[in-house]
Amino acid sequence: FIVLFNISKMKLAIALCLSSAAAFQAPAAAPASTALRAVDESTLGVQAPAGFFDPLNYCEDQPESFARRRAVERKHGRIAMVAITGCVLHNADVEFPGYLSLSQQLKFSDIPNGGQGIFNIPAAGVAQILLFCGLVEMAWWPASKYDGDYNVGFFGEKLSPEKKTQKLNAEMANGRLAMLGIFGNMVAEAQTGQTLGEQMGAGNMIPF
């Protein structure tokens, strides 16, 4: 069962990364929907050292799909940033105080680190997580809003177009690194059977 779980995690991570096919690309011409916005999506993410990177020619062959591909990349990057942050904090034993489930006398600190921890969360807790994610996805911050701008500003601060572009480029770069980071963590955990903290404690943080 553990082997099947690890394989499933690897497949999920690979799917998340591959779905961000527009990771380093921009279309030759900005779609009409981006022309009316202060930030030009066609220039975001074109950063050194890769620069303009579109080996599968998506921008030329499927320019109309760029908006959705960029939205998917941005969303996955944001989720990955949350995931890798949570992974690092949980492996550092930074956890909520108190009980996750009073009826089962289960504390937050009782949940083990790593991917296996999800199986120790009561079914009602998993259902609440899925319900909250569904609410965010469908109503609060709907996925259908491709530009990803939910008018909340940067920690409440409204930015100029130039500053906003700079922050969005930083978000794109950090999101890409986070996708690689959480994917690498999942693969390493599946291969070694050790969590991030256990690998660091055992001195296994080497490439070979």
# chains A, B, ... in the order shown; residues from 1 in each chain; ligands from 1
>>> closest_atom_pairs(of="segment 108-152 of chain A", to="segment 53-73 of chain A", cutoff="7 Å", atoms="only C-alpha atoms", output="tab-separated table")
residue	atom	partner	partner_atom	distance
A:Tyr146	CA	A:Ala71	CA	5.0
A:Asp147	CA	A:Ala71	CA	6.5
A:Gly148	CA	A:Ala71	CA	6.9
>>> select_by_dssp(residues="segment 101-195 of chain A", states="strand (DSSP E or B)", output="PyMOL selection string")
chain A and resi 101+106-107+154+157
>>> residues_around(residues="Lys167 of chain A", least_positions_apart="3", cutoff="12 Å", atoms="only C-alpha atoms", output="PDB file with N, CA, C and O atoms, in the first residue's frame")
ATOM      1  N   VAL A  39      -0.995  45.231 -16.729  1.00  0.00           N
ATOM      2  CA  VAL A  39       0.137  44.310 -16.778  1.00  0.00           C
ATOM      3  C   VAL A  39      -0.001  43.413 -17.999  1.00  0.00           C
ATOM      4  O   VAL A  39      -1.036  42.793 -18.218  1.00  0.00           O
ATOM      5  N   LEU A  44       5.457  38.521 -18.745  1.00  0.00           N
ATOM      6  CA  LEU A  44       5.744  37.960 -17.434  1.00  0.00           C
ATOM      7  C   LEU A  44       6.416  36.596 -17.573  1.00  0.00           C
ATOM      8  O   LEU A  44       6.090  35.824 -18.462  1.00  0.00           O
ATOM      9  N   GLY A  45       7.339  36.336 -16.681  1.00  0.00           N
ATOM     10  CA  GLY A  45       7.984  35.028 -16.660  1.00  0.00           C
ATOM     11  C   GLY A  45       9.097  34.852 -17.661  1.00  0.00           C
ATOM     12  O   GLY A  45       9.752  33.809 -17.662  1.00  0.00           O
ATOM     13  N   GLY A 153      -4.503  43.457  -3.516  1.00  0.00           N
ATOM     14  CA  GLY A 153      -3.247  44.178  -3.424  1.00  0.00           C
ATOM     15  C   GLY A 153      -2.129  43.306  -2.893  1.00  0.00           C
ATOM     16  O   GLY A 153      -2.255  42.096  -2.743  1.00  0.00           O
ATOM     17  N   PHE A 154      -0.997  43.941  -2.596  1.00  0.00           N
ATOM     18  CA  PHE A 154       0.159  43.254  -2.026  1.00  0.00           C
ATOM     19  C   PHE A 154       0.176  43.561  -0.545  1.00  0.00           C
ATOM     20  O   PHE A 154       0.600  44.611  -0.108  1.00  0.00           O
ATOM     21  N   PHE A 155      -0.366  42.612   0.248  1.00  0.00           N
ATOM     22  CA  PHE A 155      -0.583  42.834   1.675  1.00  0.00           C
ATOM     23  C   PHE A 155      -1.402  44.108   1.892  1.00  0.00           C
ATOM     24  O   PHE A 155      -1.127  44.909   2.789  1.00  0.00           O
ATOM     25  N   GLU A 157      -1.587  46.644  -0.060  1.00  0.00           N
ATOM     26  CA  GLU A 157      -1.027  47.808  -0.744  1.00  0.00           C
ATOM     27  C   GLU A 157      -1.327  47.746  -2.229  1.00  0.00           C
ATOM     28  O   GLU A 157      -1.107  46.735  -2.883  1.00  0.00           O
ATOM     29  N   LYS A 158      -1.851  48.834  -2.780  1.00  0.00           N
ATOM     30  CA  LYS A 158      -2.097  48.930  -4.213  1.00  0.00           C
ATOM     31  C   LYS A 158      -0.813  49.392  -4.905  1.00  0.00           C
ATOM     32  O   LYS A 158      -0.207  50.394  -4.513  1.00  0.00           O
ATOM     33  N   LEU A 159      -0.398  48.655  -5.918  1.00  0.00           N
ATOM     34  CA  LEU A 159       0.881  48.914  -6.557  1.00  0.00           C
ATOM     35  C   LEU A 159       0.708  49.591  -7.901  1.00  0.00           C
ATOM     36  O   LEU A 159      -0.305  49.424  -8.575  1.00  0.00           O
ATOM     37  N   SER A 160       1.742  50.332  -8.303  1.00  0.00           N
ATOM     38  CA  SER A 160       1.770  50.920  -9.643  1.00  0.00           C
ATOM     39  C   SER A 160       1.979  49.796 -10.649  1.00  0.00           C
ATOM     40  O   SER A 160       2.440  48.701 -10.295  1.00  0.00           O
ATOM     41  N   PRO A 161       1.645  50.012 -11.928  1.00  0.00           N
ATOM     42  CA  PRO A 161       1.842  48.965 -12.946  1.00  0.00           C
ATOM     43  C   PRO A 161       3.274  48.441 -12.989  1.00  0.00           C
ATOM     44  O   PRO A 161       3.486  47.236 -13.143  1.00  0.00           O
ATOM     45  N   GLU A 162       4.279  49.337 -12.846  1.00  0.00           N
ATOM     46  CA  GLU A 162       5.670  48.893 -12.899  1.00  0.00           C
ATOM     47  C   GLU A 162       6.012  48.016 -11.690  1.00  0.00           C
ATOM     48  O   GLU A 162       6.635  46.953 -11.827  1.00  0.00           O
ATOM     49  N   LYS A 163       5.586  48.435 -10.511  1.00  0.00           N
ATOM     50  CA  LYS A 163       5.866  47.666  -9.299  1.00  0.00           C
ATOM     51  C   LYS A 163       5.096  46.354  -9.305  1.00  0.00           C
ATOM     52  O   LYS A 163       5.598  45.312  -8.859  1.00  0.00           O
ATOM     53  N   LYS A 164       3.881  46.404  -9.832  1.00  0.00           N
ATOM     54  CA  LYS A 164       3.076  45.195  -9.906  1.00  0.00           C
ATOM     55  C   LYS A 164       3.728  44.169 -10.826  1.00  0.00           C
ATOM     56  O   LYS A 164       3.756  42.968 -10.515  1.00  0.00           O
ATOM     57  N   ALA A 170       8.390  38.177  -9.697  1.00  0.00           N
ATOM     58  CA  ALA A 170       8.948  37.495  -8.529  1.00  0.00           C
ATOM     59  C   ALA A 170       8.065  36.329  -8.116  1.00  0.00           C
ATOM     60  O   ALA A 170       8.557  35.248  -7.773  1.00  0.00           O
ATOM     61  N   GLU A 171       6.736  36.540  -8.159  1.00  0.00           N
ATOM     62  CA  GLU A 171       5.813  35.461  -7.814  1.00  0.00           C
ATOM     63  C   GLU A 171       5.964  34.290  -8.781  1.00  0.00           C
ATOM     64  O   GLU A 171       5.959  33.113  -8.375  1.00  0.00           O
ATOM     65  N   MET A 172       6.102  34.590 -10.071  1.00  0.00           N
ATOM     66  CA  MET A 172       6.239  33.537 -11.069  1.00  0.00           C
ATOM     67  C   MET A 172       7.511  32.729 -10.832  1.00  0.00           C
ATOM     68  O   MET A 172       7.506  31.493 -10.869  1.00  0.00           O
ATOM     69  N   ALA A 173       8.616  33.427 -10.563  1.00  0.00           N
ATOM     70  CA  ALA A 173       9.887  32.743 -10.331  1.00  0.00           C
ATOM     71  C   ALA A 173       9.830  31.910  -9.052  1.00  0.00           C
ATOM     72  O   ALA A 173      10.288  30.759  -9.027  1.00  0.00           O
ATOM     73  N   ASN A 174       9.282  32.475  -7.990  1.00  0.00           N
ATOM     74  CA  ASN A 174       9.187  31.744  -6.723  1.00  0.00           C
ATOM     75  C   ASN A 174       8.255  30.551  -6.845  1.00  0.00           C
ATOM     76  O   ASN A 174       8.498  29.491  -6.249  1.00  0.00           O
ATOM     77  N   GLY A 175       7.170  30.707  -7.611  1.00  0.00           N
ATOM     78  CA  GLY A 175       6.243  29.608  -7.809  1.00  0.00           C
ATOM     79  C   GLY A 175       6.889  28.454  -8.553  1.00  0.00           C
ATOM     80  O   GLY A 175       6.675  27.286  -8.222  1.00  0.00           O
TER      81      GLY A 175
END
>>> closest_residue(among="A:Asn113, A:Ser144, A:Ser103, A:Asn169", to="Leu196 of chain A", atoms="only C-alpha atoms")
A:Asn113
>>> closest_residue(among="A:Gly134, A:Phe108, A:Asp93, A:Ser101", to="Pro122 of chain A", atoms="only C-alpha atoms")
A:Ser101
>>> closest_residue(among="A:Ala190, A:Ala202, A:Ile79, A:Ala50", to="Ala178 of chain A", atoms="only C-alpha atoms")
A:Ile79
>>> atom_distance(atom1="atom CA of Ala123 of chain A", atom2="atom CA of Gly181 of chain A")
28.1 Å
>>> closest_residue(among="A:Gly117, A:Tyr150, A:Gln105, A:Gly77", to="Asn91 of chain A", atoms="only C-alpha atoms")
A:Gly117
>>> closest_residue(among="A:Val82, A:Val46, A:Ala143, A:Gln128", to="Gln166 of chain A", atoms="only C-alpha atoms")
A:Val46
>>> residues_around(residues="Asn185 of chain A", least_positions_apart="3", cutoff="9 Å", atoms="only C-alpha atoms", output="ChimeraX atom specification")
/A:84,87,180-182,188-190,195-196
>>> closest_residue(among="A:Glu137, A:Pro97, A:Ala80, A:Phe132", to="Met186 of chain A", atoms="only C-alpha atoms")
A:Ala80
>>> select_by_dssp(residues="segment 33-204 of chain A", states="helix (DSSP H, G or I)", output="MDAnalysis selection string")
chainID A and resid 33:35 41:43 58:61 63:91 108:110 115:120 123:140 161:192 196:201
>>> atom_distance(atom1="atom CA of Ser109 of chain A", atom2="atom CA of Val136 of chain A")
26.5 Å
